[in-house]
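**Student:** Attaching a single structure in structure tokens format; questions to follow.
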Amino acid sequence: MNLSILLSILCAFAWGIQSIFLKMAMRDIHLYMAILITLIINFLTLAFLIGIGLGKGFPEFYYISGSVYLYFMLAGFLNYFLGRALYYSSFRFISVTQSTSISAAYPIISVVFAITALGEKLAPHQFIGIGLTLSGVYLLMMKGRR
Amino acid sequence: MSRLRGQTEAIFASLCFGIAPIFAKKGLMSGLNPFHGATIANATALVIMILFVLLSGRGREFGSIKRYGLFLAIVSGICNSIALVSFYWAMSIGKVALVVPITCIYPLFTLVAAYFFIKKSEVIDILTVIGTFLIVIGVILTI
């Protein structure tokens with residue numbers, strides 16, 4: 001097994017269990033504080049990696065154009081702030097498993113965007129994938145209704 | 001009602017997670033190192049969250065925060081960071097077509113971890129297992 005596969009599995013494992021720890025943390029601390037702490041840890045890790053010389057280090061930030069900053073700021077707002085806040089907030093009302101699985105369906109959004117905005121065509125296996133994903137989301141939404 | 005709220009929040013979170021990479025991809029087309037991009041994105045969210053906490057009056061709670069809760073939130077943040085770093089590292093040395101589908105299996109790890117660690121508060125029935133597997137397989141086929 002090569003390193004990229006091992007790292008991918010590590011990523012899935014770490015991302016998969018982080019929500020469990022956060023749900024457990026939310027028994028003792030407020031949602032906002034929990035999100036804030038995870039963001040601080042993330043920021044410190046990234047700053048450390050750049051500080052030890054990843055890429056071109058901190059000076060690279062001076063040469064980034066305004067539009068690129070804007071793109072990443074929008075991505076950060078949507079993913080790390082709004083997305084995470086909604087995702088972690090949902091833990092208070094439904095199970096972590098349910099919430100994680102429903103929010104994991106996000107690649108469908110990218111595919112819908114590719115079809116509508118970029119005019120891309122889907123391969124047959126992608127149609128099957130969308131069908132399976134939506135079926136899974138439907139099943140989880142129906143869970144506990146009766 | 002609260003169940004519906006939770007489901008709606010999860011769906012909107014999915015929307016946010018789905019739209020954000022479109023902007024990140026546009027930013028990365030400039031040739032910027034992904035870690036620098038992730039730092040800008042993270043710093044933006046961090047600044048907004050700090051303002052949010054201060055304006056909501058929750059900032060005062062920071063001093064009286066329960067240690068165990070703080071410890072668990074830090075562990076969650078460390079796991080988050082490991083996921084972030086290993087993802088970009090894997091992407092830089094491996095094939096995207098292989099790395100991205102593997103990382104999408106994370107709900108299965110959540111399912112297993114929830115079963116072992118928070119069994120009391122999680123209802124893991126056959127619907128949850130089938131639904132989770134359908135989503136994971138569906139997403140792998142879609143990307």
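Identifiers for the structure tokens are assigned positionally: chains receive A, B, ... in sequence, residues are indexed from 1 per chain, and ligands are indexed from 1 in the order shown.
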Considering only C-alpha atoms, give me a table of residues in stretch 18-57 of chain B that are at most 9 Å from stretch 78-101 of chain B, with the closest atom pair and distance in Å for each, as JSON lines.

**Tutor:**
{"residue": "B:Pro34", "atom": "CA", "partner": "B:Tyr88", "partner_atom": "CA", "distance": 7.1}
{"residue": "B:Phe35", "atom": "CA", "partner": "B:Tyr88", "partner_atom": "CA", "distance": 7.6}
{"residue": "B:Ala38", "atom": "CA", "partner": "B:Leu84", "partner_atom": "CA", "distance": 8.7}

**Student:** Can you spit out the residues from that selection as a short mmCIF file (atom, residue, chain, number, x, y, z; two decimals), in the first residue's frame, using N, CA and C atoms?

**Tutor:**
data_model
loop_
_atom_site.label_atom_id
_atom_site.label_comp_id
_atom_site.auth_asym_id
_atom_site.auth_seq_id
_atom_site.Cartn_x
_atom_site.Cartn_y
_atom_site.Cartn_z
N PRO B 34 -1.69 24.87 -1.61
CA PRO B 34 -2.97 24.63 -0.93
C PRO B 34 -2.97 24.97 0.55
N PHE B 35 -1.82 24.77 1.22
CA PHE B 35 -1.77 25.08 2.66
C PHE B 35 -1.91 26.58 2.92
N ALA B 38 -5.58 27.22 2.45
CA ALA B 38 -6.32 26.72 3.62
C ALA B 38 -6.14 27.65 4.82
#

**Student:** Do a neighbour search on stretch 26-31 of chain B at 8 Å with only C-alpha atoms, toss out local chain neighbours closer than 2 positions, and write the hits as an MDAnalysis selection string.

**Tutor:** (chainID A and resid 67:69 71:72) or (chainID B and resid 22:24 33:34 37)

**Student:** Keeping N, CA and C atoms, export the residues of the selection given above as a PDB file, in the first residue's frame.

**Tutor:**
ATOM      1  N   SER A  67      -7.800  39.006  -5.609  1.00  0.00           N
ATOM      2  CA  SER A  67      -8.899  38.125  -6.034  1.00  0.00           C
ATOM      3  C   SER A  67      -8.730  36.714  -5.448  1.00  0.00           C
ATOM      4  N   VAL A  68      -7.466  36.257  -5.366  1.00  0.00           N
ATOM      5  CA  VAL A  68      -7.213  34.920  -4.793  1.00  0.00           C
ATOM      6  C   VAL A  68      -7.564  34.932  -3.303  1.00  0.00           C
ATOM      7  N   TYR A  69      -7.204  36.024  -2.622  1.00  0.00           N
ATOM      8  CA  TYR A  69      -7.589  36.163  -1.208  1.00  0.00           C
ATOM      9  C   TYR A  69      -9.108  36.061  -1.072  1.00  0.00           C
ATOM     10  N   TYR A  71     -11.305  34.659  -3.070  1.00  0.00           N
ATOM     11  CA  TYR A  71     -11.807  33.295  -3.306  1.00  0.00           C
ATOM     12  C   TYR A  71     -11.654  32.428  -2.059  1.00  0.00           C
ATOM     13  N   PHE A  72     -10.486  32.497  -1.440  1.00  0.00           N
ATOM     14  CA  PHE A  72     -10.262  31.659  -0.251  1.00  0.00           C
ATOM     15  C   PHE A  72     -11.047  32.156   0.960  1.00  0.00           C
TER      16      PHE A  72
ATOM     17  N   ILE B  22     -15.613  25.153  -4.943  1.00  0.00           N
ATOM     18  CA  ILE B  22     -15.637  25.857  -6.236  1.00  0.00           C
ATOM     19  C   ILE B  22     -14.776  27.117  -6.133  1.00  0.00           C
ATOM     20  N   PHE B  23     -14.925  27.841  -5.035  1.00  0.00           N
ATOM     21  CA  PHE B  23     -14.113  29.050  -4.815  1.00  0.00           C
ATOM     22  C   PHE B  23     -12.654  28.685  -4.539  1.00  0.00           C
ATOM     23  N   ALA B  24     -12.469  27.627  -3.739  1.00  0.00           N
ATOM     24  CA  ALA B  24     -11.095  27.206  -3.420  1.00  0.00           C
ATOM     25  C   ALA B  24     -10.361  26.793  -4.694  1.00  0.00           C
ATOM     26  N   ASN B  33       0.080  27.514  -3.143  1.00  0.00           N
ATOM     27  CA  ASN B  33       0.208  26.309  -2.330  1.00  0.00           C
ATOM     28  C   ASN B  33      -1.112  26.096  -1.558  1.00  0.00           C
ATOM     29  N   PRO B  34      -1.685  24.870  -1.606  1.00  0.00           N
ATOM     30  CA  PRO B  34      -2.973  24.630  -0.935  1.00  0.00           C
ATOM     31  C   PRO B  34      -2.973  24.969   0.551  1.00  0.00           C
ATOM     32  N   GLY B  37      -3.633  28.569   0.966  1.00  0.00           N
ATOM     33  CA  GLY B  37      -5.063  28.809   0.719  1.00  0.00           C
ATOM     34  C   GLY B  37      -5.902  28.395   1.914  1.00  0.00           C
TER      35      GLY B  37
END

**Student:** Counting only C-alpha atoms, figure out which residue out of B:Arg60, B:Phe116, B:Leu4, B:Ser14 gets nearest to chain A.

**Tutor:** B:Ser14

**Student:** Using only C-alpha atoms for the distances, tell me which of A:Thr38, A:Thr133, A:Gln18, A:Ser8 is nearest to B:Gly77.

**Tutor:**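 Checking each of A:Thr38, A:Thr133, A:Gln18, A:Ser8 against B:Gly77, counting only C-alpha atoms, the winner is A:Thr38.
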
**Student:** Hey, can you check how far atom CA of B:Val136 sits from atom CA of B:Thr8?

**Tutor:** 19.7 Å

**Student:** Give the alpha helix (DSSP H) residues of stretch 53-85 of chain A, as assigned by DSSP on the backbone, as a list in words.

**Tutor:**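 Residues meeting the alpha helix (DSSP H) criterion: Gly66, Ser67, Val68, Tyr69, Leu70, Tyr71, Phe72, Met73, Leu74, Ala75, Gly76, Arg84 and Ala85 of chain A.
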
**Student:** Deliver the residues from the most recent selection as a file, using C-alpha atoms, as a PDB file, in the first residue's frame.

**Tutor:**
ATOM      1  CA  GLY A  66      -6.580  40.315  -3.962  1.00  0.00           C
ATOM      2  CA  SER A  67      -8.899  38.125  -6.034  1.00  0.00           C
ATOM      3  CA  VAL A  68      -7.213  34.920  -4.793  1.00  0.00           C
ATOM      4  CA  TYR A  69      -7.589  36.163  -1.208  1.00  0.00           C
ATOM      5  CA  LEU A  70     -11.256  36.800  -1.910  1.00  0.00           C
ATOM      6  CA  TYR A  71     -11.807  33.295  -3.306  1.00  0.00           C
ATOM      7  CA  PHE A  72     -10.262  31.659  -0.251  1.00  0.00           C
ATOM      8  CA  MET A  73     -12.068  33.993   2.123  1.00  0.00           C
ATOM      9  CA  LEU A  74     -15.365  32.984   0.515  1.00  0.00           C
ATOM     10  CA  ALA A  75     -14.355  29.324   0.697  1.00  0.00           C
ATOM     11  CA  GLY A  76     -13.405  29.773   4.358  1.00  0.00           C
ATOM     12  CA  ARG A  84     -19.144  23.742  10.187  1.00  0.00           C
ATOM     13  CA  ALA A  85     -21.500  25.811  12.333  1.00  0.00           C
TER      14      ALA A  85
END

**Student:** Determine, for each residue of stretch 16-130 of chain A having at least one atom at most 7 Å from an atom of stretch 66-71 of chain B, the closest pair of atoms and their separation in Å to one decimal, counting only C-alpha atoms; order by chain and ascending number, as a tab-separated table.

**Tutor:**
residue	atom	partner	partner_atom	distance
A:Ala25	CA	B:Gly69	CA	4.3
A:Met26	CA	B:Gly69	CA	6.8
A:Asp28	CA	B:Gly69	CA	4.9
A:Ile29	CA	B:Gly69	CA	5.7

**Student:** How about saving the chosen residues, N, CA and C atoms kept, as an mmCIF file, in the first residue's frame?

**Tutor:**
data_model
loop_
_atom_site.group_PDB
_atom_site.id
_atom_site.type_symbol
_atom_site.label_atom_id
_atom_site.label_comp_id
_atom_site.auth_asym_id
_atom_site.auth_seq_id
_atom_site.Cartn_x
_atom_site.Cartn_y
_atom_site.Cartn_z
ATOM 1 N N ALA A 25 -17.704 16.906 23.427
ATOM 2 C CA ALA A 25 -17.297 18.196 24.005
ATOM 3 C C ALA A 25 -18.504 19.103 24.218
ATOM 4 N N MET A 26 -19.471 19.010 23.306
ATOM 5 C CA MET A 26 -20.642 19.892 23.377
ATOM 6 C C MET A 26 -21.572 19.584 24.557
ATOM 7 N N ASP A 28 -20.345 19.688 27.501
ATOM 8 C CA ASP A 28 -19.779 20.564 28.533
ATOM 9 C C ASP A 28 -19.609 22.014 28.091
ATOM 10 N N ILE A 29 -19.411 22.235 26.797
ATOM 11 C CA ILE A 29 -19.188 23.614 26.343
ATOM 12 C C ILE A 29 -20.151 23.977 25.214
#

**Student:** Rank nothing, just name the residue among A:Ala34, A:Met24, A:Leu139, A:Leu7 nearest to B:Arg58, using only C-alpha atoms.

**Tutor:**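 Going through A:Ala34, A:Met24, A:Leu139, A:Leu7 one by one, the smallest distance to B:Arg58 is for A:Ala34.
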
**Student:** Given the choices B:Gly131, B:Lys25, B:Lys120, B:Phe12, which gets closest to chain A if the distance is worked out from only C-alpha atoms?

**Tutor:**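 Among the listed residues, the smallest separation from chain A belongs to B:Gly131.
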
**Student:** Which residue out of B:Ser2, B:Thr103, B:Gly57, B:Pro21 has the minimum interatomic distance to B:Ile140 when only C-alpha atoms are used?

**Tutor:** B:Thr103

**Student:** Could you pull the residues within 9 Å of A:Ile109, counting only C-alpha atoms, minus those fewer than 4 positions along the same chain, as number ranges by chain?

**Tutor:** A: 105, 113-114; B: 14-15, 17-19

**Student:** How would the residues just chosen look if you wrote them out with C-alpha atoms as a tab-separated table (two decimals), in the first residue's frame?

**Tutor:**
chain	number	residue	atom	x	y	z
A	105	ALA	CA	-23.47	14.08	0.22
A	113	PHE	CA	-23.03	22.94	-10.47
A	114	ALA	CA	-20.92	21.28	-13.18
B	14	SER	CA	-23.77	19.93	2.76
B	15	LEU	CA	-24.62	22.85	0.45
B	17	PHE	CA	-19.35	22.10	1.83
B	18	GLY	CA	-20.31	21.61	-1.82
B	19	ILE	CA	-20.06	25.26	-2.90

**Student:** Hey, can you check how far atom CA of B:Gly138 sits from atom CA of A:Leu134?

**Tutor:**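 Computed distance, atom CA of B:Gly138 to atom CA of A:Leu134, equals 8.1 Å.
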